[in-house]
Amino acid sequence: EEINRRHIEEVRRRFPNDEQMVRELSIIEDGQVHMARLAIVGSHSVNGVAAIHTDILKKDTLKFFHRYYPTKFNNKTNGITHRRWLIGANPELTALIDETIGDAWQKAPDQLSHLNDHVTDKAFLAELSKIKRLRKVDLSDYIHAHGGILVDPDMIFDVQVKRIHSYKRQIMNILHIMYLYHELKTNKRFRIPPTARFFGGKAAPGYYIAKETIRLINAVADKVNNDKAVSDMLKVVFIENFGVSIGEIVYPAADISEQISLASKEASGTSNMKFMLNGAVTLCTLDGANVEIAELVGKDDIYTFGASSQEVERLYAEGSYDAFAHYSRPGVKLLVDFITNPRFMATGDAERLRRLHDDIVHKDWFMALLDLEEYIQLKERVYRDYEDRHAWIQKALVNVAMAGTFSSDRTIAQYDEDIWHLS
């Protein structure tokens with residue numbers, strides 16, 4: 001109360017007769033302490049963790065505080081430690097990079113950019129491709145040992161591992177798998193390259209819809225993996241108890257990195273960086289650090305789709321997103337209704353998943369249905385492009401080469417230079 005009294009006294013001095021500023025900046029309002037406001041008042045620096053995140057903080061979420069403290073806000077894009085996620089997790093790739101550009105990059109990861117000089121080096125690309133397959137064999141062996149599922153390492157490894165949350169839109173990913181399954185079963189001319197779809201992540205204990213999303217993923221996996229008519233073309237795996245140690249097996253094995261959160265909702269993300277560092281190609285919305293990845297690698301070496309953050313913010317502000325209207329489109333309705341269709345889903349699962357189905361149909365708060373059709377179309381292009389293995393491994397190399405920017409060494413150096421000022 002004393003912190004707030006002094007703070008509001010200063011607000012009124014700087015903004016006389018502006019009671020809206022007083023309300024928006026008050027730490028205590030309607031008998032509640034707003035902890036974010038307390039944190040801002042008590043800090044000398046406030047940062048977002050990706051460029052788009054910082055921009056949203058300044059222009060929307062914390063716009064009144066930015067107006068009051070215009071110099072206090074800054075950006076520090078997240079980073080990951082390349083020592084764990086490349087040197088530790090992928091020793092063969094580390095050795096190949098050392099042989100090709102020297103080992104100075106291990107202490108100065110921005111020097112990975114020298115790999116761009118080898119984007120047409122066929123011998124180097126062949127070695128890179130061999131290493132990717134080694135990592136896919138490692139993941140296949142792990143999945144077989146811990147889940148009993150046989151996954152061919154020559155399949156496309158299409159991976160989404162992260163906390164289970166509606167804004168990260170695992171639902172959109174699983175609806176696409178339902179689409180593939182339906183087409184493979186009903187359309188004799190429909191073809192995809194053999195593809196394994198991996199999920200992993202944990203749900204908060206009280207987050208019912210997230211836990212039901214895990215149930216849905218496993219129910220679809222049971223259906224697809226046990227159908228001999230499609231199981232050579234499509235596999236679905238939910239990796240149990242996903243964490244850092246398992247991540248060291250998963251990230252290096254991925255061909256496609258799924259980063260499909262609703263634009264404006266992901267602060268930064270770091271799995272996108274771990275995948276990129278190991279030569280996965282990102283398929284993403286322009287959200288969080290995906291925006292900066294896209295700027296670094298260029299449009300030919302990333303796949304982007306979906307409504308912009310500005311469009312999403314407008315839909316929220318106007319309250320104009322109509323989930324049922326999107327659901328009612330014939331192709332979308334077919335897929336969503338598979339969730340509770342006992343001919344597609346085991347009877348017990350179909351009954352249990354009714355609430356998840358209804359949540360999508362009537363709420364869809366994070367707009368999975370908004371971008372679903374564009375996502376399906378883009379996946380067709382991604383799978384076609386993967387068939388050109390030489391061009392694909394070139395994309396993978398560009399991603400490794402540009403990943404040094406996302407080292408936590410750079411992030412920490414920026415914190416020090418701009419905020420901590422350590423001696």
# chains A, B, ... in the order shown; residues from 1 in each chain; ligands from 1
>>> residues_around(residues="Asp138 of chain A", least_positions_apart="6", cutoff="12 Å", atoms="only C-alpha atoms", output="MDAnalysis selection string")
chainID A and resid 89:90 131:132 144:145 151:153 246:254
>>> write_last_selection(atoms="N, CA and C atoms", output="compact mmCIF listing (two decimals), in the first residue's frame")
# COMPACT_ATOMS: atom_id res chain seq x y z
N ALA A 89 24.04 -32.88 -27.68
CA ALA A 89 22.98 -33.75 -28.20
C ALA A 89 23.31 -34.35 -29.56
N ASN A 90 24.22 -33.75 -30.30
CA ASN A 90 24.44 -34.17 -31.68
C ASN A 90 25.94 -34.15 -31.98
N ILE A 131 23.95 -37.84 -41.09
CA ILE A 131 23.85 -37.57 -39.64
C ILE A 131 22.39 -37.42 -39.22
N LYS A 132 21.60 -36.75 -40.05
CA LYS A 132 20.18 -36.62 -39.73
C LYS A 132 19.54 -38.01 -39.63
N HIS A 144 10.59 -47.34 -29.98
CA HIS A 144 10.30 -48.77 -29.95
C HIS A 144 10.55 -49.35 -28.55
N ALA A 145 11.64 -48.92 -27.92
CA ALA A 145 11.98 -49.45 -26.59
C ALA A 145 11.00 -48.99 -25.53
N VAL A 151 8.75 -47.30 -35.93
CA VAL A 151 8.73 -46.14 -36.82
C VAL A 151 9.93 -46.25 -37.76
N ASP A 152 9.67 -46.23 -39.05
CA ASP A 152 10.72 -46.32 -40.06
C ASP A 152 11.50 -45.00 -40.09
N PRO A 153 12.82 -45.03 -39.86
CA PRO A 153 13.59 -43.77 -39.87
C PRO A 153 13.65 -43.09 -41.23
N ILE A 246 14.96 -36.42 -22.90
CA ILE A 246 14.31 -36.98 -24.09
C ILE A 246 14.42 -35.98 -25.24
N GLY A 247 14.35 -34.69 -24.92
CA GLY A 247 14.50 -33.66 -25.95
C GLY A 247 15.81 -33.77 -26.70
N GLU A 248 16.86 -34.20 -25.99
CA GLU A 248 18.17 -34.35 -26.64
C GLU A 248 18.16 -35.44 -27.71
N ILE A 249 17.20 -36.34 -27.64
CA ILE A 249 17.02 -37.35 -28.69
C ILE A 249 16.08 -36.84 -29.77
N VAL A 250 15.06 -36.09 -29.36
CA VAL A 250 13.99 -35.69 -30.28
C VAL A 250 14.41 -34.56 -31.22
N TYR A 251 14.95 -33.48 -30.67
CA TYR A 251 15.24 -32.31 -31.51
C TYR A 251 16.18 -32.62 -32.68
N PRO A 252 17.27 -33.37 -32.47
CA PRO A 252 18.16 -33.64 -33.60
C PRO A 252 17.56 -34.54 -34.67
N ALA A 253 16.47 -35.26 -34.35
CA ALA A 253 15.88 -36.21 -35.29
C ALA A 253 14.83 -35.58 -36.20
N ALA A 254 14.38 -34.39 -35.89
CA ALA A 254 13.23 -33.82 -36.60
C ALA A 254 13.60 -33.32 -37.99
>>> residues_around(residues="Glu295 of chain A", least_positions_apart="4", cutoff="12 Å", atoms="only C-alpha atoms", output="VMD selection string")
chain A and resid 51 286 289 to 291 299 to 304 399 402 to 403 405
>>> closest_atom_pairs(of="segment 79-148 of chain A", to="segment 409-415 of chain A", cutoff="10 Å", atoms="only C-alpha atoms", output="tab-separated table")
residue	atom	partner	partner_atom	distance
A:Gly79	CA	A:Thr411	CA	5.7
A:Ile80	CA	A:Asp409	CA	8.1
A:Thr81	CA	A:Asp409	CA	7.3
A:His82	CA	A:Asp409	CA	8.8
A:Lys107	CA	A:Asp409	CA	8.7
A:Ala108	CA	A:Asp409	CA	8.4
A:Pro109	CA	A:Asp409	CA	8.2
A:Asp110	CA	A:Arg410	CA	8.7
>>> residues_around(residues="segment 26-42 of chain A", least_positions_apart="6", cutoff="8 Å", atoms="only C-alpha atoms", output="PyMOL selection string")
chain A and resi 1+4+7-8
>>> write_last_selection(atoms="all heavy atoms", output="compact mmCIF listing (two decimals), in the first residue's frame")
# COMPACT_ATOMS: atom_id res chain seq x y z
N GLU A 1 0.84 -1.21 0.00
CA GLU A 1 0.00 0.00 0.00
C GLU A 1 0.87 1.25 0.00
O GLU A 1 0.55 2.24 -0.68
CB GLU A 1 -0.94 -0.01 1.21
CG GLU A 1 -2.06 -1.03 1.08
CD GLU A 1 -2.92 -1.10 2.33
OE1 GLU A 1 -2.51 -0.55 3.39
OE2 GLU A 1 -3.99 -1.71 2.25
N ASN A 4 2.33 1.69 -3.44
CA ASN A 4 1.30 2.19 -4.35
C ASN A 4 0.98 3.66 -4.07
O ASN A 4 0.77 4.45 -5.01
CB ASN A 4 0.03 1.34 -4.22
CG ASN A 4 -0.96 1.61 -5.33
OD1 ASN A 4 -0.60 1.55 -6.51
ND2 ASN A 4 -2.19 1.90 -4.98
N HIS A 7 3.70 5.71 -5.56
CA HIS A 7 3.65 5.58 -7.02
C HIS A 7 2.53 6.43 -7.60
O HIS A 7 2.74 7.22 -8.55
CB HIS A 7 3.48 4.11 -7.38
CG HIS A 7 3.12 3.83 -8.81
ND1 HIS A 7 3.91 4.22 -9.87
CD2 HIS A 7 2.04 3.19 -9.35
CE1 HIS A 7 3.36 3.84 -11.02
NE2 HIS A 7 2.22 3.21 -10.71
N ILE A 8 1.32 6.31 -7.05
CA ILE A 8 0.17 7.05 -7.57
C ILE A 8 0.34 8.55 -7.37
O ILE A 8 -0.08 9.36 -8.20
CB ILE A 8 -1.14 6.54 -6.92
CG1 ILE A 8 -1.43 5.10 -7.40
CG2 ILE A 8 -2.31 7.45 -7.26
CD1 ILE A 8 -1.50 4.93 -8.90
>>> closest_residue(among="A:Leu262, A:Leu335, A:Ile239, A:Leu125", to="Tyr142 of chain A", atoms="only C-alpha atoms")
A:Ile239
